[in-house]
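Source file target-v3.txt; content: compact mmCIF, C-alpha atoms and all ligand atoms.
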# COMPACT_ATOMS: atom_id res chain seq x y z
CA MET A 1 11.84 34.27 22.64
CA SER A 2 10.83 34.33 26.31
CA LYS A 3 7.45 35.77 27.15
CA ILE A 4 7.18 38.64 29.64
CA VAL A 5 4.84 38.66 32.64
CA PHE A 6 4.14 41.79 34.69
CA ILE A 7 3.00 41.05 38.26
CA THR A 8 1.65 43.61 40.72
CA GLY A 9 1.99 42.83 44.42
CA ALA A 10 4.92 40.44 44.01
CA THR A 11 6.45 41.06 47.45
CA SER A 12 4.18 38.55 49.18
CA GLY A 13 1.47 35.92 48.83
CA PHE A 14 -0.05 35.13 45.42
CA GLY A 15 2.12 37.60 43.51
CA LYS A 16 5.39 36.22 44.88
CA GLU A 17 4.37 32.63 44.07
CA CYS A 18 3.29 33.71 40.59
CA ALA A 19 6.76 35.20 40.07
CA ARG A 20 8.31 31.89 41.09
CA ILE A 21 6.18 29.66 38.87
CA PHE A 22 6.53 31.86 35.78
CA ALA A 23 10.29 32.22 36.36
CA SER A 24 10.66 28.48 36.79
CA ASN A 25 9.08 28.18 33.34
CA GLN A 26 11.56 30.63 31.82
CA TYR A 27 9.35 33.70 31.53
CA LYS A 28 10.95 37.12 31.90
CA ILE A 29 9.46 38.65 35.01
CA ILE A 30 8.53 42.17 36.04
CA ILE A 31 7.91 42.25 39.76
CA THR A 32 6.32 45.25 41.48
CA GLY A 33 5.28 46.38 44.94
CA ARG A 34 6.06 49.07 47.50
CA ARG A 35 8.64 47.16 49.59
CA LYS A 36 11.90 47.69 47.75
CA GLU A 37 14.02 45.31 49.86
CA ARG A 38 11.61 42.45 49.31
CA LEU A 39 11.62 43.13 45.58
CA GLU A 40 15.42 43.10 45.46
CA GLU A 41 15.54 39.85 47.47
CA LEU A 42 13.03 38.19 45.15
CA LYS A 43 14.85 39.42 42.05
CA LYS A 44 18.07 37.80 43.30
CA GLU A 45 16.26 34.57 44.15
CA LEU A 46 14.62 34.30 40.71
CA GLU A 47 17.77 35.20 38.80
CA SER A 48 19.87 32.76 40.73
CA ASN A 49 17.40 29.84 40.83
CA TYR A 50 15.99 30.09 37.33
CA LYS A 51 18.53 32.13 35.31
CA VAL A 52 15.85 34.47 33.98
CA ASP A 53 15.80 38.25 33.46
CA VAL A 54 13.94 40.08 36.19
CA LEU A 55 12.97 43.75 36.32
CA SER A 56 11.98 45.11 39.69
CA LEU A 57 9.78 48.23 39.81
CA CYS A 58 8.95 49.83 43.14
CA PHE A 59 5.77 51.90 43.15
CA ASP A 60 2.44 52.39 44.88
CA VAL A 61 -0.47 51.40 42.62
CA GLN A 62 -2.62 54.08 44.27
CA ASN A 63 -0.41 56.81 42.84
CA LYS A 64 -1.51 57.47 39.25
CA PHE A 65 1.51 59.61 38.44
CA GLU A 66 4.00 57.03 39.81
CA VAL A 67 2.29 54.20 37.92
CA PHE A 68 2.36 55.96 34.54
CA GLU A 69 5.87 57.41 35.02
CA THR A 70 7.36 54.07 36.04
CA ILE A 71 5.71 52.13 33.24
CA ASN A 72 6.49 54.75 30.59
CA GLN A 73 10.14 54.73 31.62
CA MET A 74 10.60 50.97 31.19
CA ALA A 75 13.24 50.07 28.64
CA ASP A 76 11.82 49.14 25.23
CA ASN A 77 12.89 45.51 25.54
CA TRP A 78 10.62 45.15 28.59
CA LYS A 79 7.58 46.76 26.99
CA ALA A 80 6.43 43.80 24.89
CA ILE A 81 4.47 42.35 27.80
CA ASP A 82 2.49 39.17 27.20
CA ILE A 83 0.69 38.77 30.52
CA LEU A 84 -0.39 41.26 33.18
CA ILE A 85 -1.37 39.89 36.57
CA ASN A 86 -3.30 42.58 38.47
CA ASN A 87 -2.88 41.12 41.92
CA ALA A 88 -1.87 43.97 44.28
CA GLY A 89 -4.61 44.49 46.80
CA LEU A 90 -5.64 44.42 50.40
CA SER A 91 -8.40 44.47 52.92
CA LEU A 92 -8.23 46.82 55.90
CA GLY A 93 -10.46 46.10 58.87
CA ARG A 94 -13.52 43.91 59.17
CA ASP A 95 -15.90 46.34 60.80
CA SER A 96 -19.53 47.25 60.54
CA PHE A 97 -20.46 49.88 57.96
CA ASP A 98 -21.35 52.37 60.70
CA THR A 99 -18.06 52.12 62.58
CA ALA A 100 -15.44 51.21 59.95
CA GLU A 101 -12.61 53.69 59.36
CA ILE A 102 -13.33 55.82 56.30
CA GLU A 103 -9.58 56.00 55.60
CA ASP A 104 -9.55 52.18 55.36
CA TRP A 105 -12.34 52.33 52.79
CA GLU A 106 -10.41 54.91 50.80
CA THR A 107 -7.23 52.84 50.81
CA MET A 108 -9.07 49.70 49.69
CA MET A 109 -10.86 51.46 46.84
CA GLN A 110 -7.73 53.32 45.76
CA THR A 111 -5.63 50.15 45.79
CA ASN A 112 -7.99 47.41 44.65
CA VAL A 113 -9.90 49.44 42.08
CA ASN A 114 -7.98 52.56 41.04
CA GLY A 115 -4.62 50.80 41.21
CA LEU A 116 -5.83 48.04 38.90
CA LEU A 117 -7.26 50.63 36.50
CA TYR A 118 -4.06 52.73 36.40
CA VAL A 119 -1.74 49.77 35.79
CA SER A 120 -4.03 48.31 33.13
CA ARG A 121 -4.36 51.60 31.24
CA ALA A 122 -0.63 52.32 31.46
CA LEU A 123 0.20 48.91 29.94
CA LEU A 124 -2.63 48.66 27.41
CA PRO A 125 -0.86 50.54 24.58
CA HIS A 126 1.80 47.81 24.57
CA PHE A 127 -0.82 45.07 24.29
CA ILE A 128 -2.77 46.95 21.65
CA ALA A 129 0.37 47.56 19.58
CA THR A 130 0.85 43.81 19.23
CA ASN A 131 -2.82 42.76 19.12
CA LYS A 132 -2.31 40.19 21.81
CA GLY A 133 -2.00 39.83 25.53
CA HIS A 134 -3.65 38.37 28.57
CA ILE A 135 -4.83 40.35 31.58
CA ILE A 136 -5.46 38.32 34.71
CA ASN A 137 -7.28 40.17 37.49
CA VAL A 138 -7.28 38.84 41.03
CA GLY A 139 -10.73 39.44 42.47
CA SER A 140 -12.16 37.43 45.35
CA ILE A 141 -15.09 35.32 46.44
CA ALA A 142 -15.85 38.60 48.28
CA GLY A 143 -16.55 40.05 44.83
CA LYS A 144 -19.25 37.45 44.28
CA GLU A 145 -21.06 37.50 47.64
CA VAL A 146 -21.04 40.13 50.35
CA TYR A 147 -20.66 39.13 54.00
CA GLU A 148 -21.19 40.84 57.34
CA ASN A 149 -18.52 43.50 57.95
CA GLY A 150 -17.05 42.87 54.50
CA ASN A 151 -18.74 46.01 53.11
CA ILE A 152 -16.16 48.07 51.20
CA TYR A 153 -13.63 45.26 50.67
CA CYS A 154 -16.51 43.36 49.02
CA ALA A 155 -17.46 46.48 47.04
CA SER A 156 -13.90 46.83 45.74
CA LYS A 157 -13.86 43.20 44.62
CA PHE A 158 -17.35 43.43 43.07
CA ALA A 159 -15.82 46.30 41.10
CA VAL A 160 -12.92 44.06 40.01
CA ASP A 161 -15.50 41.53 38.81
CA ALA A 162 -17.38 44.20 36.81
CA ILE A 163 -14.19 45.73 35.43
CA SER A 164 -12.97 42.29 34.31
CA LYS A 165 -16.22 41.65 32.45
CA SER A 166 -16.13 45.11 30.84
CA MET A 167 -12.49 44.77 29.86
CA ARG A 168 -13.20 41.41 28.21
CA ILE A 169 -15.86 43.01 26.02
CA ASP A 170 -14.02 46.23 25.16
CA LEU A 171 -10.66 44.58 24.50
CA LEU A 172 -12.09 41.78 22.38
CA LYS A 173 -11.27 43.75 19.22
CA TYR A 174 -7.57 43.75 20.11
CA GLY A 175 -7.26 40.01 20.69
CA ILE A 176 -6.62 40.55 24.40
CA LYS A 177 -7.83 37.86 26.78
CA VAL A 178 -9.17 38.77 30.24
CA THR A 179 -9.44 36.29 33.08
CA ALA A 180 -10.68 36.94 36.61
CA ILE A 181 -9.54 34.69 39.45
CA HIS A 182 -11.72 34.79 42.57
CA PRO A 183 -10.12 32.97 45.52
CA GLY A 184 -11.70 32.13 48.85
CA ALA A 185 -9.70 32.07 52.10
CA ALA A 186 -6.00 31.68 51.37
CA GLU A 187 -3.21 31.77 53.93
CA THR A 188 -0.91 34.67 53.01
CA GLU A 189 -0.14 37.98 54.72
CA PHE A 190 -3.65 39.10 53.76
CA SER A 191 -5.22 38.63 57.22
CA MET A 192 -2.28 40.18 59.08
CA VAL A 193 -2.73 43.25 56.89
CA ARG A 194 -6.51 43.20 57.31
CA PHE A 195 -6.27 42.98 61.10
CA LYS A 196 -3.38 45.47 61.23
CA GLY A 197 -0.85 43.11 62.81
CA ASP A 198 -3.23 41.40 65.30
CA GLU A 199 -1.86 37.86 64.98
CA GLU A 200 -4.62 36.23 67.01
CA LYS A 201 -7.39 37.63 64.82
CA ALA A 202 -5.43 36.87 61.67
CA ASN A 203 -4.80 33.24 62.68
CA SER A 204 -8.44 32.71 63.68
CA ILE A 205 -9.43 33.07 60.00
CA TYR A 206 -7.57 29.86 59.14
CA GLN A 207 -8.38 27.92 62.32
CA GLY A 208 -9.55 24.37 61.60
CA LEU A 209 -9.04 24.83 57.87
CA LYS A 210 -6.56 23.61 55.34
CA ALA A 211 -6.91 26.92 53.55
CA LEU A 212 -5.72 27.60 50.01
CA SER A 213 -2.03 28.42 49.75
CA ALA A 214 -0.44 31.11 47.62
CA LYS A 215 0.98 28.31 45.47
CA ASP A 216 -2.52 26.88 44.83
CA ILE A 217 -3.55 30.23 43.35
CA ALA A 218 -0.29 30.76 41.45
CA ASP A 219 -0.62 27.28 39.90
CA THR A 220 -4.17 28.12 38.80
CA ILE A 221 -3.12 31.46 37.35
CA TYR A 222 -0.26 29.77 35.51
CA TYR A 223 -2.71 27.20 34.12
CA THR A 224 -5.07 29.88 32.79
CA ALA A 225 -2.13 31.76 31.27
CA THR A 226 -0.72 28.80 29.38
CA LEU A 227 -3.78 27.43 27.61
CA PRO A 228 -3.84 27.50 23.80
CA ASP A 229 -4.12 31.04 22.42
CA HIS A 230 -7.75 30.61 21.33
CA VAL A 231 -8.89 29.49 24.81
CA CYS A 232 -9.85 32.09 27.44
CA ILE A 233 -10.99 31.16 30.92
CA ASN A 234 -13.30 34.06 31.75
CA GLU A 235 -13.43 33.54 35.48
CA LEU A 236 -12.84 31.04 38.24
CA VAL A 237 -14.05 30.97 41.85
CA ILE A 238 -11.67 28.82 43.89
CA THR A 239 -12.03 27.76 47.51
CA CYS A 240 -10.47 25.11 49.68
CA LYS A 241 -12.71 22.08 50.08
CA GLN A 242 -13.79 23.22 53.57
CA GLN A 243 -15.33 26.45 52.24
CA ALA A 244 -18.57 26.65 50.27
CA SER A 245 -19.32 30.39 50.39
CA THR A 246 -18.07 33.50 52.21
CA PHE A 247 -20.16 32.28 55.17
CA HIS A 248 -20.13 28.47 55.06
CA TYR A 249 -17.00 26.77 56.40
CA HIS A 250 -16.58 23.24 57.74
CA ARG A 251 -13.82 23.70 60.34
CA ILE A 252 -12.29 20.61 61.93
P1 LIG B 301 -0.55 39.66 50.64
O1 LIG B 301 -0.82 40.67 51.70
O2 LIG B 301 0.29 38.49 50.98
O3 LIG B 301 0.05 40.38 49.34
C1 LIG B 301 -0.49 41.60 48.87
C2 LIG B 301 0.44 42.21 47.85
O4 LIG B 301 -0.17 43.42 47.35
C3 LIG B 301 1.79 42.58 48.41
O5 LIG B 301 2.80 42.21 47.51
C4 LIG B 301 1.72 44.10 48.53
O6 LIG B 301 3.00 44.67 48.29
C5 LIG B 301 0.78 44.45 47.37
N1 LIG B 301 0.18 45.76 47.57
C6 LIG B 301 -0.74 46.12 48.51
N2 LIG B 301 -0.99 47.42 48.43
C7 LIG B 301 -0.24 47.92 47.42
C8 LIG B 301 -0.05 49.20 46.85
N3 LIG B 301 -0.71 50.27 47.31
N4 LIG B 301 0.82 49.34 45.83
C9 LIG B 301 1.49 48.27 45.35
N5 LIG B 301 1.37 47.02 45.83
C10 LIG B 301 0.51 46.85 46.86
O7 LIG B 301 -1.99 39.17 50.16
P2 LIG B 301 -2.46 38.11 49.04
O8 LIG B 301 -1.35 37.58 48.28
O9 LIG B 301 -3.40 37.17 49.72
O10 LIG B 301 -3.37 39.09 48.16
C11 LIG B 301 -3.19 39.27 46.76
C12 LIG B 301 -4.54 39.63 46.16
O11 LIG B 301 -5.44 38.55 46.36
C13 LIG B 301 -5.23 40.84 46.75
O12 LIG B 301 -5.82 41.57 45.70
C14 LIG B 301 -6.29 40.25 47.66
O13 LIG B 301 -7.37 41.12 47.84
C15 LIG B 301 -6.66 39.02 46.88
N6 LIG B 301 -7.30 37.94 47.62
C16 LIG B 301 -6.71 37.38 48.72
C17 LIG B 301 -7.32 36.32 49.36
C18 LIG B 301 -6.77 35.69 50.59
O14 LIG B 301 -7.56 35.07 51.35
N7 LIG B 301 -5.47 35.77 50.85
C19 LIG B 301 -8.58 35.74 48.84
C20 LIG B 301 -9.10 36.41 47.69
C21 LIG B 301 -8.46 37.44 47.10
P3 LIG B 301 3.65 45.87 49.13
O15 LIG B 301 3.04 45.85 50.49
O16 LIG B 301 5.11 45.59 49.11
O17 LIG B 301 3.28 47.09 48.33
C1 LIG B 302 -10.34 37.43 50.72
C2 LIG B 302 -11.33 36.35 51.03
O1 LIG B 302 -13.54 35.89 52.24
O2 LIG B 302 -11.77 37.02 53.50
O3 LIG B 302 -10.68 38.10 49.55
O4 LIG B 302 -13.01 38.19 51.82
S1 LIG B 302 -12.46 36.90 52.19

Could you spell out this file's structure in structure tokens?
Ligand code: NDP
Ligand code: 8X3
Amino acid sequence: MSKIVFITGATSGFGKECARIFASNQYKIIITGRRKERLEELKKELESNYKVDVLSLCFDVQNKFEVFETINQMADNWKAIDILINNAGLSLGRDSFDTAEIEDWETMMQTNVNGLLYVSRALLPHFIATNKGHIINVGSIAGKEVYENGNIYCASKFAVDAISKSMRIDLLKYGIKVTAIHPGAAETEFSMVRFKGDEEKANSIYQGLKALSAKDIADTIYYTATLPDHVCINELVITCKQQASTFHYHRI
């Protein structure tokens, strides 16, 4: 029987590439995000290219009610989820603590932290019922080291790191594996979102770098998800070879 993977933030970047790699390996896929048209497009692509079942769920992870309602209303045949990839997230702004927009902070915390908590709790009963499952949380190198003007984005990803560690301990008794993936700079829509559509600023992040691609991260996630059942990668920090920390880059 095909395994089921539930992916948050599948309309772009890492999440979209995860959907592709799992579908190409005959998993049943649940794709989620706020942009309905993108979800529908991706569903068609996966169904047509890989002949797999795809369920598309459109919701905002910040909205606790929407998250629980949507997940509770899934048909029973979709509820036996094997893998949850908590990937939806964003950074908004790269400003000093004293001038950053408070609304940006709120959105980052509500999305990167609360959203991950809501989705995880809403799905946990299905994992617990079967005494198995794998939760893969996408953190960041920004959740390992803070950097200038990274403030609350870093805080949200430090929280993902702590939550992943806590989940691993508390869910041990249910046979649920928890893996945290912490990427460095990767070229997706991330910087366009962070800099609110300012293409020049967004592109400058990747200047002189062969940055990670969404596929690099999806391949890594797929690897961690397909190891023998008794093996659990706890966490991985992954950068391109031109990055050594949040501060040290060798740009050419
Ligand atoms: P993208 O901007 O390309 O993708 C982000 C995804 O998150 C989109 O599918 C978006 O969907 C979804 N998302 C954002 N907010 C919400 C929300 N409120 N509700 C539901 N879905 C939401 O960025 P990446 O693929 O790069 O980012 C994926 C994750 O990786 C994030 O958690 C990010 O912090 C992390 N990360 C990224 C790095 C990078 O350099 N790119 C490095 C380290 C970590 P939609 O807008 O349709 O809702
Ligand atoms: C994204 C990587 O270094 O821009 O999480 O914060 S960084």

With distances taken over only C-alpha atoms and all ligand atoms, which of A:Lys64, A:His182, A:Lys215, A:Lys79 is nearest to ligand LIG 301 (chain B)?
A:His182

Around the point (6.9, 53.8, 42.7) in the file's coordinates, collect all residues with an atom within 10 Å, using all atoms listed in the file, and return them as a compact mmCIF listing (two decimals) with C-alpha atoms, keeping the file's coordinate frame.
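Below is the file point_4.txt, written as the result:
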# COMPACT_ATOMS: atom_id res chain seq x y z
CA THR A 32 6.32 45.25 41.48
CA GLY A 33 5.28 46.38 44.94
CA ARG A 34 6.06 49.07 47.50
CA ARG A 35 8.64 47.16 49.59
CA LYS A 36 11.90 47.69 47.75
CA LEU A 57 9.78 48.23 39.81
CA CYS A 58 8.95 49.83 43.14
CA PHE A 59 5.77 51.90 43.15
CA ASP A 60 2.44 52.39 44.88
CA VAL A 61 -0.47 51.40 42.62
CA GLN A 62 -2.62 54.08 44.27
CA ASN A 63 -0.41 56.81 42.84
CA LYS A 64 -1.51 57.47 39.25
CA PHE A 65 1.51 59.61 38.44
CA GLU A 66 4.00 57.03 39.81
CA VAL A 67 2.29 54.20 37.92
CA PHE A 68 2.36 55.96 34.54
CA GLU A 69 5.87 57.41 35.02
CA THR A 70 7.36 54.07 36.04
CA ILE A 71 5.71 52.13 33.24

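Between CA of Glu103 in chain A and atom C17 of ligand LIG 301 (chain B) the interatomic distance comes to 20.8 Å.
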
Find the residue from A:His250, A:Lys51, A:Lys165, A:Lys196 that sits nearest to ligand LIG 301 (chain B); use only C-alpha atoms and all ligand atoms when measuring.
A:Lys196

Expressed in Å to a single decimal, how great is the separation between CA of Ala202 in chain A and CA of Phe190 in chain A?
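Result for CA of Ala202 in chain A versus CA of Phe190 in chain A: 8.4 Å, one decimal.
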
Ligand LIG 302 (chain B): which residues are within 6 Å, counting all atoms listed in the file? Reply as number ranges by chain.
A: 140, 142, 184-185, 246

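Of the listed residues A:Phe127, A:Phe97, A:Phe195, A:Tyr153, the one whose atoms come nearest to ligand LIG 301 (chain B) is A:Tyr153, with distances taken using all atoms listed in the file.
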
For Leu172 in chain A, please output as a PyMOL selection string all residues within 12 Å (counting all atoms listed in the file; exclusion window: fewer than 4 positions along the same chain).
chain A and resi 127-128+131-135+164-168+176-178+232

Can you work out the spacing between CA of Tyr50 in chain A and CA of Gly9 in chain A in Å, to one decimal?
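Here the two named atoms are 20.2 Å from each other.
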
Show me, as a PyMOL selection string, the residues that have an atom within 8 Å of Leu42 in chain A when counting only C-alpha atoms, minus same-chain residues fewer than 3 positions from it.
chain A and resi 11+16+38-39+45-46

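Nearest-residue note for ligand LIG 301 (chain B): choosing from A:Cys154, A:Val193, A:Ala75, A:Leu123, the minimum distance belongs to A:Val193, counting all atoms listed in the file.
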
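The shortest atom-to-atom distance to Ile81 in chain A, with only C-alpha atoms taken into account, belongs to A:Val5 out of A:Glu37, A:Lys144, A:Val5, A:Gly13.
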
From the list A:Leu209, A:Ala180, A:Val138, A:Ala80, which residue is nearest ligand LIG 301 (chain B) when using only C-alpha atoms and all ligand atoms?
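Smallest separation from ligand LIG 301 (chain B) among the options: A:Val138.
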
Fewer than 2 positions away in the same chain doesn't count, so skip those; otherwise give me all residues within 10 Å of Val146 in chain A, counting only C-alpha atoms, as a ChimeraX atom specification.
/A:141-144,148-155,157-158,245-247

If we count only C-alpha atoms and set the cut-off at 9 Å, which residues sit around Asp219 in chain A, ignoring sequence neighbours fewer than 4 positions away in its own chain? Please answer as a ChimeraX atom specification.
/A:17-18,21,214-215,223-224

Please provide the set of residues having any atom within 10 Å of Ile252 in chain A, restricted to all atoms listed in the file, with same-chain residues fewer than 2 positions apart removed, written as number ranges by chain.
A: 207-210, 242, 249-250

What would range 109-120 of chain A look like with all heavy atoms restored, written as a PDB file, in the frame of the given file?
ATOM      1  N   MET A 109     -10.361  51.088  48.175  1.00  0.00           N
ATOM      2  CA  MET A 109     -10.860  51.460  46.840  1.00  0.00           C
ATOM      3  C   MET A 109      -9.716  51.967  45.964  1.00  0.00           C
ATOM      4  O   MET A 109      -9.633  51.630  44.776  1.00  0.00           O
ATOM      5  CB  MET A 109     -11.962  52.535  46.946  1.00  0.00           C
ATOM      6  CG  MET A 109     -13.228  52.055  47.633  1.00  0.00           C
ATOM      7  SD  MET A 109     -14.019  50.606  46.857  1.00  0.00           S
ATOM      8  CE  MET A 109     -14.813  51.346  45.456  1.00  0.00           C
ATOM      9  N   GLN A 110      -8.830  52.767  46.564  1.00  0.00           N
ATOM     10  CA  GLN A 110      -7.730  53.320  45.760  1.00  0.00           C
ATOM     11  C   GLN A 110      -6.763  52.233  45.302  1.00  0.00           C
ATOM     12  O   GLN A 110      -6.204  52.310  44.211  1.00  0.00           O
ATOM     13  CB  GLN A 110      -6.972  54.383  46.565  1.00  0.00           C
ATOM     14  CG  GLN A 110      -7.702  55.721  46.539  1.00  0.00           C
ATOM     15  CD  GLN A 110      -7.288  56.646  47.678  1.00  0.00           C
ATOM     16  OE1 GLN A 110      -6.311  56.407  48.359  1.00  0.00           O
ATOM     17  NE2 GLN A 110      -8.054  57.696  47.878  1.00  0.00           N
ATOM     18  N   THR A 111      -6.571  51.217  46.153  1.00  0.00           N
ATOM     19  CA  THR A 111      -5.630  50.150  45.790  1.00  0.00           C
ATOM     20  C   THR A 111      -6.293  49.126  44.871  1.00  0.00           C
ATOM     21  O   THR A 111      -5.811  48.861  43.762  1.00  0.00           O
ATOM     22  CB  THR A 111      -5.130  49.423  47.068  1.00  0.00           C
ATOM     23  OG1 THR A 111      -4.647  50.394  47.994  1.00  0.00           O
ATOM     24  CG2 THR A 111      -4.039  48.419  46.738  1.00  0.00           C
ATOM     25  N   ASN A 112      -7.392  48.552  45.356  1.00  0.00           N
ATOM     26  CA  ASN A 112      -7.990  47.410  44.650  1.00  0.00           C
ATOM     27  C   ASN A 112      -8.678  47.795  43.344  1.00  0.00           C
ATOM     28  O   ASN A 112      -8.732  46.993  42.412  1.00  0.00           O
ATOM     29  CB  ASN A 112      -9.017  46.703  45.562  1.00  0.00           C
ATOM     30  CG  ASN A 112      -8.406  46.211  46.863  1.00  0.00           C
ATOM     31  OD1 ASN A 112      -7.202  46.273  47.056  1.00  0.00           O
ATOM     32  ND2 ASN A 112      -9.233  45.730  47.787  1.00  0.00           N
ATOM     33  N   VAL A 113      -9.185  49.021  43.291  1.00  0.00           N
ATOM     34  CA  VAL A 113      -9.900  49.440  42.080  1.00  0.00           C
ATOM     35  C   VAL A 113      -9.048  50.409  41.258  1.00  0.00           C
ATOM     36  O   VAL A 113      -8.644  50.093  40.138  1.00  0.00           O
ATOM     37  CB  VAL A 113     -11.271  50.088  42.443  1.00  0.00           C
ATOM     38  CG1 VAL A 113     -12.027  50.456  41.177  1.00  0.00           C
ATOM     39  CG2 VAL A 113     -12.096  49.134  43.304  1.00  0.00           C
ATOM     40  N   ASN A 114      -8.732  51.578  41.841  1.00  0.00           N
ATOM     41  CA  ASN A 114      -7.980  52.560  41.040  1.00  0.00           C
ATOM     42  C   ASN A 114      -6.624  52.019  40.612  1.00  0.00           C
ATOM     43  O   ASN A 114      -6.206  52.218  39.474  1.00  0.00           O
ATOM     44  CB  ASN A 114      -7.779  53.860  41.834  1.00  0.00           C
ATOM     45  CG  ASN A 114      -9.083  54.595  42.047  1.00  0.00           C
ATOM     46  OD1 ASN A 114     -10.132  54.120  41.642  1.00  0.00           O
ATOM     47  ND2 ASN A 114      -9.038  55.748  42.674  1.00  0.00           N
ATOM     48  N   GLY A 115      -5.941  51.334  41.528  1.00  0.00           N
ATOM     49  CA  GLY A 115      -4.620  50.800  41.210  1.00  0.00           C
ATOM     50  C   GLY A 115      -4.674  49.867  40.006  1.00  0.00           C
ATOM     51  O   GLY A 115      -3.855  49.945  39.084  1.00  0.00           O
ATOM     52  N   LEU A 116      -5.672  48.995  40.017  1.00  0.00           N
ATOM     53  CA  LEU A 116      -5.830  48.040  38.900  1.00  0.00           C
ATOM     54  C   LEU A 116      -6.116  48.799  37.592  1.00  0.00           C
ATOM     55  O   LEU A 116      -5.588  48.461  36.531  1.00  0.00           O
ATOM     56  CB  LEU A 116      -6.955  47.072  39.259  1.00  0.00           C
ATOM     57  CG  LEU A 116      -7.304  45.973  38.273  1.00  0.00           C
ATOM     58  CD1 LEU A 116      -7.795  44.731  39.020  1.00  0.00           C
ATOM     59  CD2 LEU A 116      -8.353  46.389  37.254  1.00  0.00           C
ATOM     60  N   LEU A 117      -6.924  49.852  37.701  1.00  0.00           N
ATOM     61  CA  LEU A 117      -7.260  50.630  36.500  1.00  0.00           C
ATOM     62  C   LEU A 117      -6.026  51.347  35.951  1.00  0.00           C
ATOM     63  O   LEU A 117      -5.762  51.332  34.742  1.00  0.00           O
ATOM     64  CB  LEU A 117      -8.350  51.657  36.817  1.00  0.00           C
ATOM     65  CG  LEU A 117      -9.712  51.079  37.220  1.00  0.00           C
ATOM     66  CD1 LEU A 117     -10.670  52.198  37.618  1.00  0.00           C
ATOM     67  CD2 LEU A 117     -10.320  50.262  36.079  1.00  0.00           C
ATOM     68  N   TYR A 118      -5.242  51.972  36.848  1.00  0.00           N
ATOM     69  CA  TYR A 118      -4.060  52.730  36.400  1.00  0.00           C
ATOM     70  C   TYR A 118      -3.062  51.798  35.697  1.00  0.00           C
ATOM     71  O   TYR A 118      -2.564  52.101  34.618  1.00  0.00           O
ATOM     72  CB  TYR A 118      -3.340  53.401  37.573  1.00  0.00           C
ATOM     73  CG  TYR A 118      -4.160  54.390  38.372  1.00  0.00           C
ATOM     74  CD1 TYR A 118      -3.873  54.627  39.722  1.00  0.00           C
ATOM     75  CD2 TYR A 118      -5.214  55.102  37.794  1.00  0.00           C
ATOM     76  CE1 TYR A 118      -4.600  55.537  40.471  1.00  0.00           C
ATOM     77  CE2 TYR A 118      -5.959  56.008  38.550  1.00  0.00           C
ATOM     78  CZ  TYR A 118      -5.652  56.224  39.891  1.00  0.00           C
ATOM     79  OH  TYR A 118      -6.381  57.115  40.638  1.00  0.00           O
ATOM     80  N   VAL A 119      -2.755  50.670  36.354  1.00  0.00           N
ATOM     81  CA  VAL A 119      -1.740  49.770  35.790  1.00  0.00           C
ATOM     82  C   VAL A 119      -2.223  49.231  34.438  1.00  0.00           C
ATOM     83  O   VAL A 119      -1.473  49.186  33.466  1.00  0.00           O
ATOM     84  CB  VAL A 119      -1.417  48.611  36.775  1.00  0.00           C
ATOM     85  CG1 VAL A 119      -0.497  47.592  36.123  1.00  0.00           C
ATOM     86  CG2 VAL A 119      -0.788  49.149  38.056  1.00  0.00           C
ATOM     87  N   SER A 120      -3.498  48.873  34.386  1.00  0.00           N
ATOM     88  CA  SER A 120      -4.030  48.310  33.130  1.00  0.00           C
ATOM     89  C   SER A 120      -3.950  49.339  32.011  1.00  0.00           C
ATOM     90  O   SER A 120      -3.496  49.036  30.905  1.00  0.00           O
ATOM     91  CB  SER A 120      -5.485  47.870  33.310  1.00  0.00           C
ATOM     92  OG  SER A 120      -5.577  46.955  34.375  1.00  0.00           O
TER      93      SER A 120
END
